[in-house]
$ cat query09.pdb   # PDB, C-alpha atoms
ATOM      1  CA  MET J   1      16.563  -4.071  -6.611  1.00  0.00           C
ATOM      2  CA  ILE J   2      13.527  -2.174  -5.339  1.00  0.00           C
ATOM      3  CA  THR J   3      13.701   1.530  -4.566  1.00  0.00           C
ATOM      4  CA  LEU J   4      11.172   4.113  -3.475  1.00  0.00           C
ATOM      5  CA  GLU J   5      11.162   7.488  -5.109  1.00  0.00           C
ATOM      6  CA  PRO J   6       9.141  10.510  -4.021  1.00  0.00           C
ATOM      7  CA  TRP J   7       5.861  10.860  -5.896  1.00  0.00           C
ATOM      8  CA  THR J   8       5.792  14.051  -7.960  1.00  0.00           C
ATOM      9  CA  PRO J   9       3.042  15.762  -9.965  1.00  0.00           C
ATOM     10  CA  GLU J  10       4.681  14.343 -13.090  1.00  0.00           C
ATOM     11  CA  ASP J  11       3.620  10.885 -11.829  1.00  0.00           C
ATOM     12  CA  GLU J  12      -0.075  11.837 -11.789  1.00  0.00           C
ATOM     13  CA  ASP J  13      -0.975  10.528 -15.271  1.00  0.00           C
ATOM     14  CA  TRP J  14       0.847   7.252 -14.677  1.00  0.00           C
ATOM     15  CA  THR J  15      -0.825   6.823 -11.267  1.00  0.00           C
ATOM     16  CA  ILE J  16      -4.288   7.367 -12.726  1.00  0.00           C
ATOM     17  CA  GLU J  17      -3.536   4.943 -15.541  1.00  0.00           C
ATOM     18  CA  LEU J  18      -2.452   2.344 -12.958  1.00  0.00           C
ATOM     19  CA  TRP J  19      -5.711   2.817 -11.034  1.00  0.00           C
ATOM     20  CA  GLN J  20      -7.712   2.256 -14.221  1.00  0.00           C
ATOM     21  CA  ASN J  21      -6.473  -1.349 -14.190  1.00  0.00           C
ATOM     22  CA  ARG J  22      -9.121  -3.583 -12.630  1.00  0.00           C
ATOM     23  CA  GLU J  23      -6.617  -5.783 -10.752  1.00  0.00           C
ATOM     24  CA  CYS J  24      -4.970  -2.715  -9.213  1.00  0.00           C
ATOM     25  CA  ARG J  25      -8.356  -1.365  -8.139  1.00  0.00           C
ATOM     26  CA  TYR J  26      -9.039  -4.695  -6.403  1.00  0.00           C
ATOM     27  CA  GLU J  27      -5.767  -4.389  -4.497  1.00  0.00           C
ATOM     28  CA  TRP J  28      -6.957  -1.024  -3.181  1.00  0.00           C
ATOM     29  CA  GLY J  29     -10.340  -2.481  -2.254  1.00  0.00           C
ATOM     30  CA  PHE J  30     -12.707  -1.062  -4.839  1.00  0.00           C
ATOM     31  CA  ASP J  31     -14.024  -2.589  -8.023  1.00  0.00           C
ATOM     32  CA  LEU J  32     -15.977   0.250  -9.570  1.00  0.00           C
ATOM     33  CA  PRO J  33     -13.981   2.154 -12.157  1.00  0.00           C
ATOM     34  CA  LEU J  34     -13.618   5.869 -11.598  1.00  0.00           C
ATOM     35  CA  ARG J  35     -13.235   8.266 -14.465  1.00  0.00           C
ATOM     36  CA  PRO J  36      -9.735   9.757 -14.686  1.00  0.00           C
ATOM     37  CA  THR J  37     -11.221  13.206 -13.989  1.00  0.00           C
ATOM     38  CA  GLU J  38     -12.673  11.921 -10.684  1.00  0.00           C
ATOM     39  CA  GLN J  39      -9.314  10.411  -9.738  1.00  0.00           C
ATOM     40  CA  ARG J  40      -7.532  13.683 -10.537  1.00  0.00           C
ATOM     41  CA  GLU J  41     -10.025  15.584  -8.364  1.00  0.00           C
ATOM     42  CA  TRP J  42      -9.439  13.157  -5.476  1.00  0.00           C
ATOM     43  CA  LEU J  43      -5.656  13.405  -5.832  1.00  0.00           C
ATOM     44  CA  ASN J  44      -5.779  17.198  -5.901  1.00  0.00           C
ATOM     45  CA  GLU J  45      -8.073  17.302  -2.856  1.00  0.00           C
ATOM     46  CA  VAL J  46      -5.928  15.073  -0.665  1.00  0.00           C
ATOM     47  CA  LEU J  47      -2.679  16.706  -1.714  1.00  0.00           C
ATOM     48  CA  ALA J  48      -4.097  20.146  -0.901  1.00  0.00           C
ATOM     49  CA  TYR J  49      -3.960  19.371   2.841  1.00  0.00           C
ATOM     50  CA  PRO J  50      -0.353  18.431   3.652  1.00  0.00           C
ATOM     51  CA  GLN J  51      -1.101  17.670   7.329  1.00  0.00           C
ATOM     52  CA  SER J  52      -3.437  14.809   6.411  1.00  0.00           C
ATOM     53  CA  ALA J  53      -2.274  14.008   2.889  1.00  0.00           C
ATOM     54  CA  PRO J  54      -1.048  10.501   2.210  1.00  0.00           C
ATOM     55  CA  VAL J  55       2.626   9.994   1.566  1.00  0.00           C
ATOM     56  CA  PHE J  56       2.830   8.643  -1.985  1.00  0.00           C
ATOM     57  CA  LEU J  57       5.958   6.883  -3.151  1.00  0.00           C
ATOM     58  CA  VAL J  58       6.751   5.415  -6.542  1.00  0.00           C
ATOM     59  CA  VAL J  59       8.064   1.848  -6.434  1.00  0.00           C
ATOM     60  CA  ALA J  60      10.805   1.438  -9.012  1.00  0.00           C
ATOM     61  CA  SER J  61      13.257  -1.257 -10.045  1.00  0.00           C
ATOM     62  CA  GLU J  62      15.639   1.344 -11.437  1.00  0.00           C
ATOM     63  CA  PRO J  63      15.292   5.046 -12.237  1.00  0.00           C
ATOM     64  CA  GLY J  64      12.436   5.555 -14.679  1.00  0.00           C
ATOM     65  CA  ILE J  65      11.121   1.968 -14.446  1.00  0.00           C
ATOM     66  CA  ARG J  66       7.945   2.232 -12.376  1.00  0.00           C
ATOM     67  CA  LEU J  67       6.543  -0.906 -10.770  1.00  0.00           C
ATOM     68  CA  GLY J  68       3.750   0.554  -8.677  1.00  0.00           C
ATOM     69  CA  ILE J  69       2.629   2.956  -5.983  1.00  0.00           C
ATOM     70  CA  ALA J  70       3.179   2.706  -2.246  1.00  0.00           C
ATOM     71  CA  MET J  71       1.236   4.868   0.147  1.00  0.00           C
ATOM     72  CA  LEU J  72       1.148   5.713   3.834  1.00  0.00           C
ATOM     73  CA  ASP J  73      -2.203   7.234   4.705  1.00  0.00           C
ATOM     74  CA  THR J  74      -4.688   7.689   7.531  1.00  0.00           C
ATOM     75  CA  ILE J  75      -1.751   8.908   9.584  1.00  0.00           C
ATOM     76  CA  ASP J  76      -2.647   9.623  13.198  1.00  0.00           C
ATOM     77  CA  TRP J  77       0.222  11.809  14.384  1.00  0.00           C
ATOM     78  CA  HIS J  78      -0.896  11.800  18.018  1.00  0.00           C
ATOM     79  CA  ASN J  79      -0.808   7.999  18.245  1.00  0.00           C
ATOM     80  CA  ARG J  80       1.972   7.703  15.645  1.00  0.00           C
ATOM     81  CA  SER J  81       0.155   5.186  13.454  1.00  0.00           C
ATOM     82  CA  GLY J  82      -0.711   4.906   9.783  1.00  0.00           C
ATOM     83  CA  ARG J  83      -2.042   2.590   7.080  1.00  0.00           C
ATOM     84  CA  VAL J  84       0.245   0.986   4.469  1.00  0.00           C
ATOM     85  CA  ARG J  85      -0.846   0.247   0.897  1.00  0.00           C
ATOM     86  CA  VAL J  86       1.167  -1.072  -2.044  1.00  0.00           C
ATOM     87  CA  THR J  87      -0.071  -1.670  -5.586  1.00  0.00           C
ATOM     88  CA  LEU J  88       2.181  -3.122  -8.239  1.00  0.00           C
ATOM     89  CA  VAL J  89       1.686  -3.301 -11.979  1.00  0.00           C
ATOM     90  CA  PRO J  90      -0.187  -6.607 -12.528  1.00  0.00           C
ATOM     91  CA  THR J  91       2.314  -7.984 -15.042  1.00  0.00           C
ATOM     92  CA  THR J  92       5.203  -7.555 -12.613  1.00  0.00           C
ATOM     93  CA  LEU J  93       7.317 -10.712 -12.478  1.00  0.00           C
ATOM     94  CA  GLU J  94       8.577 -11.976  -9.126  1.00  0.00           C
ATOM     95  CA  ARG J  95       5.510 -10.381  -7.562  1.00  0.00           C
ATOM     96  CA  ILE J  96       5.972 -11.645  -3.988  1.00  0.00           C
ATOM     97  CA  ASP J  97       9.634 -10.583  -3.861  1.00  0.00           C
ATOM     98  CA  ARG J  98       8.730  -7.149  -5.169  1.00  0.00           C
ATOM     99  CA  LEU J  99       5.791  -6.784  -2.776  1.00  0.00           C
ATOM    100  CA  VAL J 100       8.070  -7.716   0.131  1.00  0.00           C
ATOM    101  CA  GLY J 101      10.790  -5.358  -1.079  1.00  0.00           C
ATOM    102  CA  SER J 102       8.296  -2.527  -1.490  1.00  0.00           C
ATOM    103  CA  LEU J 103       6.777  -3.104   1.944  1.00  0.00           C
ATOM    104  CA  GLN J 104      10.219  -3.218   3.569  1.00  0.00           C
ATOM    105  CA  HIS J 105      11.017   0.189   2.117  1.00  0.00           C
ATOM    106  CA  VAL J 106       7.667   1.680   3.140  1.00  0.00           C
ATOM    107  CA  VAL J 107       7.988   0.297   6.671  1.00  0.00           C
ATOM    108  CA  ARG J 108      11.508   1.702   6.976  1.00  0.00           C
ATOM    109  CA  GLU J 109      10.254   5.106   5.774  1.00  0.00           C
ATOM    110  CA  ALA J 110       7.361   5.013   8.262  1.00  0.00           C
ATOM    111  CA  PHE J 111       9.413   3.951  11.288  1.00  0.00           C
ATOM    112  CA  GLU J 112      12.729   5.680  10.668  1.00  0.00           C
ATOM    113  CA  THR J 113      11.767   8.867   8.822  1.00  0.00           C
ATOM    114  CA  LEU J 114       8.208   9.572   9.999  1.00  0.00           C
ATOM    115  CA  ASN J 115       8.820   8.110  13.484  1.00  0.00           C
ATOM    116  CA  LEU J 116       5.551   6.165  13.460  1.00  0.00           C
ATOM    117  CA  TYR J 117       5.028   3.466  16.083  1.00  0.00           C
ATOM    118  CA  ARG J 118       2.248   1.350  14.562  1.00  0.00           C
ATOM    119  CA  LEU J 119       1.425   0.453  10.977  1.00  0.00           C
ATOM    120  CA  TRP J 120      -1.699  -1.312   9.823  1.00  0.00           C
ATOM    121  CA  ALA J 121      -3.017  -2.773   6.598  1.00  0.00           C
ATOM    122  CA  VAL J 122      -6.301  -4.246   5.424  1.00  0.00           C
ATOM    123  CA  THR J 123      -6.570  -7.005   2.837  1.00  0.00           C
ATOM    124  CA  SER J 124      -9.286  -9.153   1.388  1.00  0.00           C
ATOM    125  CA  ASP J 125      -9.169 -12.883   2.083  1.00  0.00           C
ATOM    126  CA  ASP J 126      -8.564 -13.521  -1.633  1.00  0.00           C
ATOM    127  CA  GLN J 127      -5.178 -11.726  -1.718  1.00  0.00           C
ATOM    128  CA  PRO J 128      -2.685 -14.437  -0.686  1.00  0.00           C
ATOM    129  CA  ASP J 129       0.247 -12.553  -2.267  1.00  0.00           C
ATOM    130  CA  HIS J 130      -0.415  -9.644   0.057  1.00  0.00           C
ATOM    131  CA  HIS J 131      -0.821 -11.901   3.100  1.00  0.00           C
ATOM    132  CA  ASP J 132       2.519 -13.603   2.400  1.00  0.00           C
ATOM    133  CA  ALA J 133       4.273 -10.274   1.818  1.00  0.00           C
ATOM    134  CA  LEU J 134       2.870  -8.695   4.985  1.00  0.00           C
ATOM    135  CA  MET J 135       3.893 -11.709   7.086  1.00  0.00           C
ATOM    136  CA  ALA J 136       7.388 -11.729   5.536  1.00  0.00           C
ATOM    137  CA  VAL J 137       7.886  -8.125   6.663  1.00  0.00           C
ATOM    138  CA  GLY J 138       6.628  -8.910  10.171  1.00  0.00           C
ATOM    139  CA  PHE J 139       2.959  -7.899  10.130  1.00  0.00           C
ATOM    140  CA  GLN J 140       0.610 -10.005  12.227  1.00  0.00           C
ATOM    141  CA  GLN J 141      -3.024 -10.666  11.461  1.00  0.00           C
ATOM    142  CA  GLU J 142      -5.104  -9.180  14.246  1.00  0.00           C
ATOM    143  CA  ALA J 143      -8.710  -9.442  13.061  1.00  0.00           C
ATOM    144  CA  ARG J 144     -11.023 -10.983  10.488  1.00  0.00           C
ATOM    145  CA  ARG J 145     -14.262  -9.207   9.631  1.00  0.00           C
ATOM    146  CA  ARG J 146     -16.489 -11.829   8.062  1.00  0.00           C
ATOM    147  CA  ARG J 147     -17.990 -11.015   4.662  1.00  0.00           C
ATOM    148  CA  ALA J 148     -17.342  -7.320   5.221  1.00  0.00           C
ATOM    149  CA  HIS J 149     -16.037  -6.492   1.762  1.00  0.00           C
ATOM    150  CA  TYR J 150     -18.003  -6.675  -1.511  1.00  0.00           C
ATOM    151  CA  LEU J 151     -15.619  -7.079  -4.405  1.00  0.00           C
ATOM    152  CA  ASN J 152     -15.817  -8.547  -7.875  1.00  0.00           C
ATOM    153  CA  GLY J 153     -19.423  -9.661  -7.435  1.00  0.00           C
ATOM    154  CA  SER J 154     -19.105 -11.464  -4.106  1.00  0.00           C
ATOM    155  CA  TYR J 155     -18.493 -10.891  -0.408  1.00  0.00           C
ATOM    156  CA  HIS J 156     -15.063 -11.479   1.092  1.00  0.00           C
ATOM    157  CA  ASP J 157     -13.630 -11.499   4.573  1.00  0.00           C
ATOM    158  CA  GLU J 158     -11.567  -8.445   5.419  1.00  0.00           C
ATOM    159  CA  LEU J 159      -8.307  -9.103   7.273  1.00  0.00           C
ATOM    160  CA  SER J 160      -6.610  -6.525   9.488  1.00  0.00           C
ATOM    161  CA  TRP J 161      -2.850  -6.610   9.964  1.00  0.00           C
ATOM    162  CA  SER J 162      -0.478  -4.600  12.142  1.00  0.00           C
ATOM    163  CA  LEU J 163       3.206  -4.121  12.807  1.00  0.00           C
ATOM    164  CA  LEU J 164       4.652  -2.327  15.833  1.00  0.00           C
ATOM    165  CA  ARG J 165       8.001  -0.556  15.790  1.00  0.00           C
ATOM    166  CA  PRO J 166       9.570  -2.863  18.447  1.00  0.00           C
ATOM    167  CA  GLU J 167       8.681  -5.898  16.266  1.00  0.00           C
ATOM    168  CA  TRP J 168      10.610  -4.602  13.269  1.00  0.00           C
ATOM    169  CA  PRO J 169      12.777  -5.762  11.651  1.00  0.00           C
ATOM    170  CA  PRO J 170      11.575  -9.339  12.040  1.00  0.00           C
ATOM    171  CA  ALA J 171      14.093 -11.850  13.337  1.00  0.00           C
ATOM    172  CA  GLN J 172      15.952 -13.581  10.523  1.00  0.00           C
ATOM    173  CA  ASP J 173      15.790 -17.373  10.331  1.00  0.00           C
ATOM    174  CA  ASP J 174      19.209 -19.056  10.361  1.00  0.00           C
TER     175      ASP J 174
END
$ encode --input "query09.pdb" --output "structure tokens"
Amino acid sequence: MITLEPWTPEDEDWTIELWQNRECRYEWGFDLPLRPTEQREWLNEVLAYPQSAPVFLVVASEPGIRLGIAMLDTIDWHNRSGRVRVTLVPTTLERIDRLVGSLQHVVREAFETLNLYRLWAVTSDDQPDHHDALMAVGFQQEARRRRAHYLNGSYHDELSWSLLRPEWPPAQDD
């Protein structure tokens, strides 16, 4: 079972360690490693401004067992929209199921707690796990920016996805 727990300052070291993993950095769209001190500075800067700070959540399978980080950021309160990101530990088994479970929780938090209307996500064309998970939760691909993303030594298409509040939850197949 997947749960989301509030991110706390005690999670900072674990979060930075997760972002040191190359595969996790790819999921977030950057392939240059950042020193832990630079990551700490970034975290402290964004958390210093609560109006624009991302909402970090720890993805867990049970209390104390961390699977990854989920984040709602780039929140536009006037238009009630925000970006969704989820990164799971690379060795996580049942990856698609856990991505879907994590996204379902983040979407519920965004729509029901934060009262957002529109969520969006951006993926690279070489992230089929993320595409499948986004579609399973109800996101629709809305754009493809050709060769817009340089990652891991080559250019990749960047895919934009969105989900509107009236489209969620997706209809269940019988």
$ residues_around --input "query09.pdb" --residues "Ala148 of chain J" --least-positions-apart "5" --cutoff "10 Å" --atoms "all atoms listed in the file" --output "PyMOL selection string"
chain J and resi 124+155-159
$ axis_aligned_box --input "query09.pdb" --around "segment 65-71 of chain J" --padding-each-side "6 Å" --output "AutoDock Vina command-line options"
--center_x 6.2 --center_y 2.0 --center_z -7.1 --size_x 21.9 --size_y 17.8 --size_z 26.6
$ closest_residue --input "query09.pdb" --among "J:Arg98, J:Asp11, J:Leu67, J:Phe139" --to "Val84 of chain J" --atoms "all atoms listed in the file"
J:Phe139
$ residues_around --input "query09.pdb" --residues "Val106 of chain J" --least-positions-apart "5" --cutoff "8 Å" --atoms "all atoms listed in the file" --output "PDB file with C-alpha atoms, in the frame of the given file"
ATOM      1  CA  LEU J   4      11.172   4.113  -3.475  1.00  0.00           C
ATOM      2  CA  ALA J  70       3.179   2.706  -2.246  1.00  0.00           C
ATOM      3  CA  MET J  71       1.236   4.868   0.147  1.00  0.00           C
ATOM      4  CA  LEU J  72       1.148   5.713   3.834  1.00  0.00           C
ATOM      5  CA  VAL J  84       0.245   0.986   4.469  1.00  0.00           C
TER       6      VAL J  84
END
$ resolve_selection --input "query09.pdb" --expression "the PyMOL selection byres ((chain J and resi 135-138) around 9)" --output "count of residues only"
22
$ closest_residue --input "query09.pdb" --among "J:Val55, J:Leu47, J:Ala143, J:Ile16" --to "Ile75 of chain J" --atoms "all atoms listed in the file"
J:Val55
$ atom_distance --input "query09.pdb" --atom1 "atom CA of Asp126 of chain J" --atom2 "atom CA of Ser102 of chain J"
20.1 Å
$ atom_distance --input "query09.pdb" --atom1 "atom CA of Glu142 of chain J" --atom2 "atom CA of Thr123 of chain J"
11.7 Å
$ atom_distance --input "query09.pdb" --atom1 "atom CA of Leu43 of chain J" --atom2 "atom CA of Asn152 of chain J"
24.3 Å
$ closest_residue --input "query09.pdb" --among "J:Glu23, J:Glu10, J:Asp73, J:Asp97" --to "Trp120 of chain J" --atoms "all atoms listed in the file"
J:Asp73
$ resolve_selection --input "query09.pdb" --expression "the PyMOL selection byres ((chain J and resi 69) around 6)" --output "list in words"
Leu57, Val58, Val59, Gly68, Ala70, Val86 and Thr87 of chain J
$ resolve_selection --input "query09.pdb" --expression "the PyMOL selection byres ((chain J and resi 36) around 9)" --output "list in words"
Asp13, Ile16, Glu17, Trp19, Gln20, Leu34, Arg35, Thr37, Glu38, Gln39, Arg40 and Glu41 of chain J
$ closest_residue --input "query09.pdb" --among "J:Leu151, J:Tyr117, J:Trp7, J:Asp129" --to "Arg83 of chain J" --atoms "all atoms listed in the file"
J:Tyr117
$ closest_residue --input "query09.pdb" --among "J:Arg80, J:Asn21, J:Arg66, J:Asn44" --to "Pro9 of chain J" --atoms "only C-alpha atoms"
J:Asn44
$ closest_residue --input "query09.pdb" --among "J:Trp14, J:His105, J:Ser61, J:Arg165" --to "Ser81 of chain J" --atoms "all atoms listed in the file"
J:Arg165
$ residues_around --input "query09.pdb" --residues "Asn79 of chain J" --least-positions-apart "3" --cutoff "12 Å" --atoms "only C-alpha atoms" --output "list in words"
Thr74, Ile75, Asp76, Gly82, Asn115, Leu116, Tyr117, Arg118, Leu119 and Leu164 of chain J
